[in-house]
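K.L.:
data28.cif is reproduced below (mmCIF, C-alpha atoms).
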```
data_my_file
loop_
_atom_site.label_atom_id
_atom_site.label_comp_id
_atom_site.auth_asym_id
_atom_site.auth_seq_id
_atom_site.Cartn_x
_atom_site.Cartn_y
_atom_site.Cartn_z
CA MET K 1 46.77 -32.65 9.40
CA SER K 2 44.02 -34.63 7.69
CA ASP K 3 46.47 -37.53 6.99
CA THR K 4 47.25 -37.85 10.72
CA ILE K 5 43.57 -37.96 11.59
CA LEU K 6 42.95 -40.59 8.92
CA LYS K 7 45.70 -42.84 10.30
CA ALA K 8 44.34 -42.43 13.82
CA LEU K 9 40.87 -43.20 12.56
CA GLU K 10 42.12 -46.41 10.85
CA SER K 11 43.80 -47.54 14.12
CA VAL K 12 40.61 -46.92 16.07
CA GLU K 13 38.57 -48.85 13.53
CA ALA K 14 41.02 -51.82 13.84
CA LYS K 15 40.64 -51.74 17.63
CA LEU K 16 36.88 -51.52 17.25
CA SER K 17 36.89 -54.54 14.92
CA ALA K 18 39.00 -56.61 17.33
CA MET K 19 36.88 -55.65 20.32
CA SER K 20 33.71 -56.49 18.38
CA THR K 21 35.11 -59.97 17.64
CA LYS K 22 35.88 -60.42 21.36
CA ALA K 23 32.36 -59.33 22.26
CA ASP K 24 30.88 -61.83 19.82
CA GLY K 25 33.01 -64.62 21.38
CA GLU K 26 31.89 -63.75 24.90
CA ALA K 27 28.27 -63.69 23.81
CA ALA K 28 28.64 -67.16 22.26
CA THR K 29 30.57 -68.64 25.22
CA ILE K 30 28.96 -67.19 28.32
CA GLY K 31 25.79 -65.79 26.80
CA LYS K 32 26.62 -62.15 27.54
CA ILE K 33 29.20 -59.39 26.95
CA SER K 34 31.37 -58.63 29.93
CA ALA K 35 31.26 -55.17 31.52
CA ASP K 36 34.93 -54.53 30.67
CA THR K 37 34.38 -55.35 27.02
CA LYS K 38 31.25 -53.15 26.84
CA THR K 39 33.11 -50.22 28.45
CA ALA K 40 35.98 -50.64 26.00
CA LEU K 41 33.58 -50.67 23.03
CA ASP K 42 31.88 -47.45 24.21
CA ALA K 43 35.23 -45.68 24.63
CA ILE K 44 36.43 -46.73 21.18
CA GLY K 45 33.10 -45.55 19.65
CA ILE K 46 33.43 -42.12 21.26
CA GLN K 47 37.00 -41.80 20.00
CA GLN K 48 35.88 -42.80 16.49
CA ARG K 49 33.14 -40.14 16.40
CA GLU K 50 35.51 -37.42 17.63
CA LEU K 51 38.04 -38.23 14.92
CA ALA K 52 35.31 -38.30 12.25
CA ASP K 53 34.01 -34.87 13.36
CA ARG K 54 37.51 -33.39 13.20
CA LEU K 55 38.00 -34.76 9.69
CA LEU K 56 34.66 -33.31 8.55
CA GLN K 57 35.54 -29.84 9.87
CA ILE K 58 38.84 -29.90 7.97
CA GLU K 59 37.07 -30.87 4.73
CA GLN K 60 34.46 -28.08 5.18
CA LYS K 61 37.14 -25.48 5.71
CA GLY K 62 38.87 -26.63 2.58
CA SER K 63 35.73 -26.28 0.44
CA ALA K 64 34.57 -22.93 1.90
CA PRO K 65 35.24 -19.76 -0.17
CA ALA K 66 38.28 -17.84 0.85
CA GLU K 67 37.71 -14.85 3.08
CA PRO K 68 37.80 -11.64 1.04
CA THR K 69 40.96 -9.68 1.42
CA LYS K 70 40.26 -6.58 3.42
CA VAL K 71 41.02 -3.44 1.46
CA SER K 72 42.65 -0.83 3.66
CA SER K 73 41.35 2.70 3.36
CA TRP K 74 43.60 5.49 2.12
CA GLY K 75 44.08 6.69 5.69
CA GLU K 76 45.04 3.21 6.95
CA GLN K 77 47.53 2.74 4.13
CA LEU K 78 49.07 6.14 4.89
CA ILE K 79 49.50 5.46 8.63
CA LYS K 80 50.92 1.96 8.02
CA ASN K 81 53.59 3.31 5.69
CA ALA K 82 57.09 2.78 7.12
CA ARG K 83 58.07 6.41 6.62
CA TYR K 84 54.89 7.99 8.03
CA GLY K 85 56.51 8.37 11.48
CA ASP K 86 59.34 10.45 9.99
CA PHE K 87 56.87 12.63 8.13
CA ALA K 88 54.61 13.14 11.17
CA GLY K 89 57.65 13.95 13.33
CA GLY K 90 58.82 16.67 10.97
CA ASN K 91 61.91 14.77 9.83
CA LEU K 92 60.62 14.34 6.29
CA ALA K 93 59.35 17.19 4.11
CA LYS K 94 57.43 15.05 1.65
CA LEU K 95 55.85 11.61 1.81
CA ARG K 96 54.71 9.64 -1.22
CA VAL K 97 52.40 6.67 -0.61
CA GLU K 98 51.11 4.49 -3.42
CA VAL K 99 47.50 3.56 -2.67
CA LYS K 100 46.74 0.03 -3.79
CA ASN K 101 43.64 -2.09 -4.30
CA THR K 102 41.25 0.79 -3.79
CA LEU K 103 37.72 -0.01 -5.00
CA VAL K 104 35.20 2.77 -5.46
CA GLY K 105 31.63 1.73 -6.23
CA SER K 106 32.63 -1.18 -8.45
CA ASP K 107 31.11 -4.06 -6.50
CA THR K 108 28.47 -5.39 -8.84
CA ASN K 109 27.39 -7.98 -6.29
CA VAL K 110 25.72 -5.30 -4.13
CA ALA K 111 22.11 -4.78 -5.19
CA PRO K 112 21.12 -1.10 -5.56
CA GLN K 113 18.40 0.30 -3.34
CA ARG K 114 15.25 0.64 -5.44
CA ASN K 115 13.01 3.42 -4.19
CA PRO K 116 9.28 3.08 -4.79
CA GLY K 117 7.33 5.43 -7.05
CA ILE K 118 8.51 7.74 -9.82
CA VAL K 119 10.24 11.09 -9.42
CA SER K 120 7.99 13.45 -11.33
CA GLY K 121 8.87 16.49 -13.39
CA ALA K 122 7.66 20.03 -12.75
CA MET K 123 3.98 20.45 -11.99
CA LEU K 124 2.78 24.04 -11.80
CA PRO K 125 -0.27 24.97 -9.74
CA PHE K 126 -3.34 25.85 -11.79
CA SER K 127 -3.68 29.42 -10.56
CA MET K 128 -6.25 30.80 -13.03
CA GLU K 129 -8.60 27.85 -12.84
CA ALA K 130 -8.52 28.09 -9.06
CA LEU K 131 -9.44 31.79 -9.30
CA LEU K 132 -12.32 31.60 -11.77
CA PRO K 133 -15.80 30.29 -10.89
CA SER K 134 -16.96 27.22 -12.82
CA THR K 135 -20.02 25.14 -13.54
CA THR K 136 -21.03 22.27 -15.82
CA THR K 137 -22.89 22.17 -19.11
CA SER K 138 -24.36 19.48 -21.33
CA SER K 139 -24.27 21.52 -24.53
CA ASN K 140 -21.62 22.19 -27.16
CA ALA K 141 -22.03 25.98 -26.92
CA ILE K 142 -22.84 28.61 -24.32
CA GLU K 143 -25.26 31.36 -25.31
CA PHE K 144 -26.31 34.24 -23.08
CA THR K 145 -27.60 37.79 -23.24
CA LYS K 146 -25.49 40.42 -21.56
CA GLU K 147 -25.72 44.12 -21.01
CA ALA K 148 -23.95 46.01 -23.77
CA SER K 149 -24.37 49.56 -22.45
CA PHE K 150 -26.24 51.49 -19.80
CA THR K 151 -26.70 55.22 -19.86
CA ASN K 152 -27.93 56.35 -16.46
CA ASN K 153 -29.78 59.64 -16.81
CA ALA K 154 -31.63 59.40 -13.52
CA ALA K 155 -32.19 62.91 -12.16
CA GLU K 156 -34.45 64.90 -9.87
CA ALA K 157 -37.72 66.00 -11.45
CA SER K 158 -40.17 68.76 -10.52
CA GLU K 159 -43.79 67.87 -9.95
CA GLY K 160 -45.54 67.46 -13.27
CA ALA K 161 -42.31 67.74 -15.29
CA SER K 162 -41.07 65.15 -17.78
CA LYS K 163 -38.77 62.52 -16.28
CA ALA K 164 -35.29 61.80 -17.63
CA GLU K 165 -34.89 58.83 -19.96
CA SER K 166 -32.02 56.37 -19.55
CA ALA K 167 -30.74 53.93 -22.18
CA LEU K 168 -29.98 50.23 -21.92
CA THR K 169 -28.87 47.84 -24.66
CA TRP K 170 -28.12 44.14 -24.78
CA SER K 171 -26.15 41.79 -26.96
CA LEU K 172 -26.38 38.06 -27.59
CA VAL K 173 -23.15 36.13 -27.03
CA ASN K 174 -22.45 32.63 -28.31
CA MET K 175 -19.36 30.87 -27.00
CA PRO K 176 -18.56 27.42 -28.50
CA ILE K 177 -17.07 24.66 -26.39
CA SER K 178 -13.34 24.17 -27.05
CA THR K 179 -11.41 20.89 -26.90
CA VAL K 180 -7.93 20.69 -25.42
CA ALA K 181 -6.22 17.34 -26.07
CA HIS K 182 -2.98 15.44 -26.68
CA TRP K 183 -1.86 11.82 -27.10
CA ILE K 184 1.10 9.54 -26.52
CA LYS K 185 2.03 5.95 -27.35
CA ILE K 186 3.25 3.32 -24.88
CA SER K 187 3.95 -0.38 -25.33
CA LYS K 188 1.48 -3.04 -24.26
CA GLN K 189 4.26 -4.59 -22.21
CA LEU K 190 4.67 -1.36 -20.24
CA ALA K 191 0.97 -1.23 -19.47
CA ALA K 192 0.96 -4.88 -18.35
CA ASP K 193 4.33 -5.20 -16.61
CA ALA K 194 4.78 -1.77 -15.03
CA PRO K 195 1.39 -0.62 -13.75
CA ALA K 196 2.94 2.13 -11.60
CA LEU K 197 4.72 3.63 -14.60
CA ALA K 198 1.60 3.32 -16.75
CA ALA K 199 -0.42 5.09 -14.03
CA TYR K 200 2.18 7.87 -13.96
CA VAL K 201 1.90 8.33 -17.73
CA ASN K 202 -1.87 8.54 -17.26
CA SER K 203 -1.61 11.26 -14.58
CA ARG K 204 0.97 13.17 -16.62
CA MET K 205 -1.40 13.24 -19.58
CA VAL K 206 -4.12 14.70 -17.35
CA TYR K 207 -1.72 17.32 -16.04
CA GLY K 208 -0.69 18.30 -19.57
CA VAL K 209 -4.28 19.05 -20.55
CA ASN K 210 -5.03 21.07 -17.42
CA ALA K 211 -1.76 23.02 -17.68
CA LYS K 212 -2.68 24.10 -21.23
CA VAL K 213 -6.18 25.04 -20.09
CA ASP K 214 -4.77 27.20 -17.30
CA THR K 215 -2.70 29.15 -19.82
CA GLN K 216 -5.54 29.41 -22.36
CA LEU K 217 -7.84 30.83 -19.70
CA VAL K 218 -5.67 33.96 -19.89
CA VAL K 219 -4.21 34.22 -23.39
CA GLY K 220 -6.59 32.16 -25.54
CA ASP K 221 -7.47 34.36 -28.53
CA GLY K 222 -10.93 32.92 -29.14
CA THR K 223 -10.15 31.93 -32.73
CA ALA K 224 -11.60 28.44 -33.17
CA PRO K 225 -10.71 26.08 -31.65
CA ASN K 226 -9.04 28.28 -29.00
CA ILE K 227 -10.62 29.36 -25.73
CA SER K 228 -11.39 33.07 -25.44
CA GLY K 229 -9.25 33.98 -22.39
CA THR K 230 -9.55 36.79 -19.89
CA TYR K 231 -6.98 38.89 -21.77
CA ASP K 232 -8.64 38.38 -25.16
CA SER K 233 -9.87 41.57 -26.81
CA GLY K 234 -13.28 42.56 -25.48
CA ASN K 235 -13.03 40.35 -22.38
CA PHE K 236 -11.67 43.11 -20.12
CA THR K 237 -11.51 46.90 -20.01
CA ALA K 238 -8.29 48.81 -20.69
CA HIS K 239 -7.13 50.72 -17.60
CA GLY K 240 -6.64 53.92 -19.62
CA TYR K 241 -3.65 55.31 -17.71
CA SER K 242 -0.50 56.75 -19.30
CA ASN K 243 3.00 57.01 -17.90
CA ALA K 244 2.60 60.79 -17.63
CA THR K 245 -0.52 60.43 -15.48
CA ILE K 246 1.19 58.00 -13.12
CA ALA K 247 4.47 60.01 -13.02
CA ALA K 248 2.51 63.10 -12.05
CA ILE K 249 1.63 61.31 -8.82
CA SER K 250 5.13 59.89 -8.19
CA THR K 251 8.12 58.77 -10.22
CA THR K 252 8.81 55.82 -7.90
CA PHE K 253 6.78 52.64 -7.42
CA LYS K 254 4.78 53.45 -10.55
CA LYS K 255 3.54 49.86 -10.92
CA LEU K 256 2.08 49.97 -7.43
CA ILE K 257 0.44 53.33 -8.10
CA LEU K 258 -1.12 52.05 -11.32
CA ILE K 259 -2.54 48.95 -9.65
CA ARG K 260 -3.96 50.98 -6.77
CA LYS K 261 -5.60 53.49 -9.13
CA VAL K 262 -7.24 50.66 -11.07
CA ILE K 263 -8.56 49.15 -7.83
CA ALA K 264 -10.13 52.51 -6.99
CA ASP K 265 -11.67 52.88 -10.46
CA LEU K 266 -13.24 49.43 -10.24
CA TYR K 267 -14.74 50.19 -6.86
CA ALA K 268 -16.21 53.40 -8.20
CA ALA K 269 -17.69 51.46 -11.13
CA GLY K 270 -19.43 49.02 -8.78
CA TYR K 271 -16.98 46.15 -9.03
CA PRO K 272 -14.90 45.87 -5.85
CA ALA K 273 -11.83 43.90 -6.94
CA ASP K 274 -11.24 40.41 -5.56
CA ALA K 275 -7.85 39.60 -7.15
CA ILE K 276 -4.75 40.92 -8.92
CA VAL K 277 -3.29 38.77 -11.72
CA LEU K 278 0.40 39.20 -12.59
CA ASN K 279 3.14 37.40 -14.43
CA PRO K 280 5.46 35.72 -11.85
CA ALA K 281 8.44 37.83 -12.98
CA ASP K 282 6.50 41.09 -12.56
CA TRP K 283 5.29 40.05 -9.13
CA ALA K 284 8.89 39.31 -8.12
CA THR K 285 9.91 42.83 -9.17
CA ILE K 286 7.06 44.41 -7.23
CA GLU K 287 7.69 42.23 -4.19
CA ILE K 288 11.36 43.25 -4.11
CA GLU K 289 10.32 46.91 -4.27
CA LEU K 290 7.95 46.36 -1.35
CA PHE K 291 10.67 44.77 0.77
CA THR K 292 13.12 47.62 0.24
CA THR K 293 10.98 50.28 1.94
CA ALA K 294 9.17 50.36 5.27
CA ALA K 295 6.19 52.02 3.61
CA GLY K 296 6.02 49.28 1.00
CA GLN K 297 5.96 46.55 3.60
CA THR K 298 2.70 47.87 4.97
CA LEU K 299 1.01 47.16 1.62
CA TYR K 300 2.13 43.54 1.56
CA SER K 301 0.98 40.56 3.60
CA ILE K 302 0.68 36.78 3.52
CA ASN K 303 -2.31 35.01 5.03
CA ASP K 304 -2.31 31.73 6.91
CA ALA K 305 -2.70 29.75 3.67
CA GLY K 306 0.48 31.28 2.25
CA GLN K 307 -1.42 33.53 -0.20
CA ALA K 308 0.39 36.80 -0.93
CA ARG K 309 -1.79 39.88 -0.78
CA LEU K 310 -1.29 43.42 -2.07
CA PHE K 311 -3.57 46.25 -0.95
CA GLY K 312 -5.55 43.53 0.80
CA LEU K 313 -6.19 41.59 -2.45
CA PRO K 314 -4.81 38.14 -3.30
CA VAL K 315 -2.05 38.17 -5.92
CA ILE K 316 -2.43 35.42 -8.53
CA GLN K 317 0.77 34.45 -10.36
CA ALA K 318 -0.35 33.26 -13.79
CA ILE K 319 2.12 31.82 -16.30
CA GLY K 320 -0.33 32.71 -19.06
CA MET K 321 -0.22 36.43 -18.22
CA ALA K 322 2.43 37.98 -20.46
CA ALA K 323 5.28 39.86 -18.80
CA ASP K 324 4.62 43.57 -18.19
CA THR K 325 0.85 43.13 -18.36
CA PHE K 326 -1.69 42.70 -15.59
CA GLN K 327 -5.34 42.48 -14.69
CA VAL K 328 -7.26 43.60 -11.63
CA GLY K 329 -10.94 42.96 -11.16
CA ARG K 330 -13.90 41.19 -9.73
CA PHE K 331 -13.17 37.89 -11.42
CA SER K 332 -15.96 36.12 -9.56
CA GLU K 333 -18.52 38.18 -11.51
CA ALA K 334 -16.70 38.75 -14.78
CA TYR K 335 -16.16 35.15 -15.94
CA MET K 336 -17.58 31.64 -15.77
CA VAL K 337 -15.84 28.42 -16.82
CA TYR K 338 -18.29 25.94 -18.37
CA ASN K 339 -17.06 22.34 -18.21
CA ARG K 340 -18.59 20.09 -20.86
CA GLU K 341 -16.29 17.19 -19.99
CA GLY K 342 -13.53 16.81 -17.44
CA VAL K 343 -10.24 15.31 -18.54
CA VAL K 344 -10.97 11.93 -20.12
CA VAL K 345 -8.12 9.50 -20.84
CA GLU K 346 -8.85 6.78 -23.40
CA MET K 347 -6.63 4.10 -24.90
CA SER K 348 -6.70 2.01 -28.04
CA ASP K 349 -4.53 -0.58 -29.79
CA SER K 350 -6.34 0.00 -33.09
CA ASP K 351 -4.63 3.30 -33.91
CA SER K 352 -2.39 3.18 -37.00
CA ASP K 353 -0.08 0.12 -36.74
CA ASN K 354 -0.47 -0.27 -32.97
CA PHE K 355 -1.83 -3.81 -33.24
CA THR K 356 1.16 -5.17 -35.14
CA LYS K 357 3.67 -3.31 -32.97
CA ASN K 358 2.06 -4.06 -29.60
CA LEU K 359 1.51 -0.35 -28.91
CA ILE K 360 -1.29 1.49 -27.14
CA THR K 361 -2.28 5.07 -27.90
CA LEU K 362 -3.36 7.13 -24.91
CA ARG K 363 -5.43 10.23 -25.60
CA ALA K 364 -6.35 12.80 -22.97
CA GLU K 365 -8.86 15.53 -23.72
CA ARG K 366 -11.07 18.05 -22.01
CA ARG K 367 -13.95 20.17 -23.32
CA LEU K 368 -14.81 23.55 -21.86
CA ALA K 369 -15.52 27.21 -22.56
CA LEU K 370 -14.84 30.49 -20.79
CA ALA K 371 -17.72 32.91 -20.91
CA THR K 372 -16.99 36.59 -20.26
CA GLU K 373 -20.17 37.94 -18.76
CA LYS K 374 -18.99 41.29 -17.37
CA PRO K 375 -15.88 42.65 -19.12
CA ALA K 376 -16.26 45.94 -17.24
CA ALA K 377 -15.57 44.08 -13.98
CA VAL K 378 -11.92 43.51 -14.92
CA ARG K 379 -9.41 46.14 -15.97
CA GLY K 380 -5.84 45.73 -17.14
CA GLY K 381 -3.25 46.32 -19.81
CA ASP K 382 0.39 47.41 -19.80
CA LEU K 383 2.01 47.46 -16.38
CA THR K 384 4.41 50.18 -17.61
CA PRO K 385 2.19 52.27 -19.90
CA ALA K 386 3.67 54.60 -22.51
#
```
Please render this file's structure as structure tokens.
P.N.:
Amino acid sequence: MSDTILKALESVEAKLSAMSTKADGEAATIGKISADTKTALDAIGIQQRELADRLLQIEQKGSAPAEPTKVSSWGEQLIKNARYGDFAGGNLAKLRVEVKNTLVGSDTNVAPQRNPGIVSGAMLPFSMEALLPSTTTSSNAIEFTKEASFTNNAAEASEGASKAESALTWSLVNMPISTVAHWIKISKQLAADAPALAAYVNSRMVYGVNAKVDTQLVVGDGTAPNISGTYDSGNFTAHGYSNATIAAISTTFKKLILIRKVIADLYAAGYPADAIVLNPADWATIEIELFTTAAGQTLYSINDAGQARLFGLPVIQAIGMAADTFQVGRFSEAYMVYNREGVVVEMSDSDSDNFTKNLITLRAERRLALATEKPAAVRGGDLTPA
């Protein structure tokens, strides 16, 4: 095809050359180009351009990449098979089709979709810290005087008679500030080239500190440098009930009976309870019991904020609370969290051999203390007493 166009183009160019010579002769002889000659030149020029365009299109098609061969789907290959009609018409019991040129996810030329951000790991809510009141401090220890005992002997007295004497004692409590911290190393290149990832590492470090604090606020044993948590010895009052006492009331829903009795005891002692703290597994067991009876459902509710309530009190699910133990009390009066420093994240390239290895050490730490001011305001212990 291209050879034919080339020959035609050569013929046109010869005609154009001859006509140009004629036009030059006319211009020299009569001083102008005749109308016929000018028309002929224009026609030959148009023909030349058309042939040149056709030749260019052929060359472009020849250099363009070949169209990719369409890969038929499995269904298309099945239907196109010569024996499919016999199979579909019931004249063939079995049909074997060899599927060819099937590509599944192997096209490396397709760029993957890159979603922004980082998919984070688990992040538990800080239930205990949200429950307990808190304030700030500028010291490294908290010291306060609290009531140790009160014997109330108030009584009626006759005129002129001696009045009854009551007893009141105090004790001085000193609670040191504890430090909760951890560290991790990242490369300098990560910090410089992937700011989003570096920021995520930063937030994860903060979360790690606060998650540990939330657990320590319950089970910290107070042995330096640990926090003295709500369940530490002396920071709450044992409920004092036995299985026999609870069973005498009812042999079913004994956990519910125990919790309700403790709520009543606290109210009588002058500490109307404001929360129930349970291990998540224990709360699941109780919740299932509540759902299985119509009577139980009347004890259970969820407010608009999604907070579960039992006997009208919010139920706090605390990971730090050991299974089969619980606390009920007026937490707003019993404890105070003193924050010396919030979570501080610092970095350094001078740690160990960081400088020579282009590493950065990130350290996150927080300083705080939990002061138990009224241990009588919270009662707890075994959820299934002996």
K.L.:
Write out as a ChimeraX atom specification each polymer residue whose atoms come within 12 Å of K:Phe331, counting all atoms listed in the file; drop sequence neighbours fewer than 3 positions from it.
P.N.:
/K:128-134,218,230,235-236,266,271-277,313-314,316,327-328,334-337,371-379
K.L.:
So which residues get picked by the PyMOL selection byres ((chain K and resi 380) around 9) here, written as a PDB file with C-alpha atoms, in the coordinates of the input?
P.N.:
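Resulting contents of part_20.pdb:
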```pdb
ATOM      1  CA  TYR K 231      -6.980  38.890 -21.770  1.00  0.00           C
ATOM      2  CA  PHE K 236     -11.670  43.110 -20.120  1.00  0.00           C
ATOM      3  CA  THR K 237     -11.510  46.900 -20.010  1.00  0.00           C
ATOM      4  CA  ALA K 238      -8.290  48.810 -20.690  1.00  0.00           C
ATOM      5  CA  HIS K 239      -7.130  50.720 -17.600  1.00  0.00           C
ATOM      6  CA  GLY K 240      -6.640  53.920 -19.620  1.00  0.00           C
ATOM      7  CA  ILE K 259      -2.540  48.950  -9.650  1.00  0.00           C
ATOM      8  CA  VAL K 262      -7.240  50.660 -11.070  1.00  0.00           C
ATOM      9  CA  THR K 325       0.850  43.130 -18.360  1.00  0.00           C
ATOM     10  CA  PHE K 326      -1.690  42.700 -15.590  1.00  0.00           C
ATOM     11  CA  GLN K 327      -5.340  42.480 -14.690  1.00  0.00           C
ATOM     12  CA  VAL K 328      -7.260  43.600 -11.630  1.00  0.00           C
ATOM     13  CA  GLY K 329     -10.940  42.960 -11.160  1.00  0.00           C
ATOM     14  CA  VAL K 378     -11.920  43.510 -14.920  1.00  0.00           C
ATOM     15  CA  ARG K 379      -9.410  46.140 -15.970  1.00  0.00           C
ATOM     16  CA  GLY K 381      -3.250  46.320 -19.810  1.00  0.00           C
ATOM     17  CA  ASP K 382       0.390  47.410 -19.800  1.00  0.00           C
ATOM     18  CA  LEU K 383       2.010  47.460 -16.380  1.00  0.00           C
TER      19      LEU K 383
END
```
K.L.:
For atom CA of K:Leu368 and atom CA of K:Val315, quote the distance in Å rounded to one decimal.
P.N.:
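Result for atom CA of K:Leu368 versus atom CA of K:Val315: 25.1 Å, one decimal.
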K.L.:
Record the distance separating atom CA of K:Leu258 and atom CA of K:Leu217, expressed in Å with one decimal.
P.N.:
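About the pair atom CA of K:Leu258 and atom CA of K:Leu217: they are 23.8 Å apart.
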K.L.:
Please measure the separation of atom CA of K:Asn243 and atom CA of K:Pro385, giving the value in Å to one decimal.
P.N.:
5.2 Å
K.L.:
Would you list the residues near (-29.9, 42.9, -20.1) (no more than 9 Å away, in the coordinates of the file, using all atoms listed in the file) as JSON, numbers by chain?
P.N.:
{"K": [145, 146, 147, 148, 149, 168, 169, 170, 171]}
K.L.:
Mind dumping the selected residues with C-alpha atoms as a compact mmCIF listing (two decimals), in the coordinates of the input?
P.N.:
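As a result, selection_30.txt now contains:
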```txt
# COMPACT_ATOMS: atom_id res chain seq x y z
CA THR K 145 -27.60 37.79 -23.24
CA LYS K 146 -25.49 40.42 -21.56
CA GLU K 147 -25.72 44.12 -21.01
CA ALA K 148 -23.95 46.01 -23.77
CA SER K 149 -24.37 49.56 -22.45
CA LEU K 168 -29.98 50.23 -21.92
CA THR K 169 -28.87 47.84 -24.66
CA TRP K 170 -28.12 44.14 -24.78
CA SER K 171 -26.15 41.79 -26.96
```
K.L.:
Could you make a table, as JSON lines, of the residues of stretch 110-187 of chain K that have an atom within 8 Å of an atom of stretch 197-206 of chain K, each with its nearest atom pair and distance in Å to one decimal, counting all atoms listed in the file, in chain and number order?
P.N.:
```
{"residue": "K:Ile118", "atom": "CA", "partner": "K:Leu197", "partner_atom": "CA", "distance": 7.4}
{"residue": "K:His182", "atom": "CA", "partner": "K:Met205", "partner_atom": "CA", "distance": 7.6}
{"residue": "K:Trp183", "atom": "CA", "partner": "K:Met205", "partner_atom": "CA", "distance": 7.7}
```
K.L.:
Given the file above and the PyMOL selection byres ((chain K and resi 176) around 6), which residues are selected, and can you give them as a count of residues only?
P.N.:
3
K.L.:
For the file shown, report as a ChimeraX atom specification the outcome of the PyMOL selection byres ((chain K and resi 184-189) around 9) at residue level.
P.N.:
/K:182-183,190-194,198,201,205,349,354,357-364
K.L.:
Just checking: using only C-alpha atoms, which residue out of K:Val344, K:Ala161, K:Leu370, K:Ile257 ends up closest to K:Phe311?
P.N.:
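Ranked by minimum distance to K:Phe311, first place goes to K:Ile257.
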K.L.:
Return the single residue from K:Ser233, K:Thr136, K:Asn174, K:Asn153 that is closest to K:Val219, with distances computed using only C-alpha atoms.
P.N.:
K:Ser233
K.L.:
Which neighbours of K:Ser301 fall inside 9 Å, counting all atoms listed in the file, when residues of the same chain fewer than 4 positions from it are skipped, and could you give them as a PDB file with C-alpha atoms, in the frame of the given file?
P.N.:
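Final output, saved to part10.pdb:
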```pdb
ATOM      1  CA  GLN K 297       5.960  46.550   3.600  1.00  0.00           C
ATOM      2  CA  GLN K 307      -1.420  33.530  -0.200  1.00  0.00           C
ATOM      3  CA  ALA K 308       0.390  36.800  -0.930  1.00  0.00           C
ATOM      4  CA  ARG K 309      -1.790  39.880  -0.780  1.00  0.00           C
ATOM      5  CA  LEU K 310      -1.290  43.420  -2.070  1.00  0.00           C
ATOM      6  CA  PHE K 311      -3.570  46.250  -0.950  1.00  0.00           C
ATOM      7  CA  GLY K 312      -5.550  43.530   0.800  1.00  0.00           C
TER       8      GLY K 312
END
```
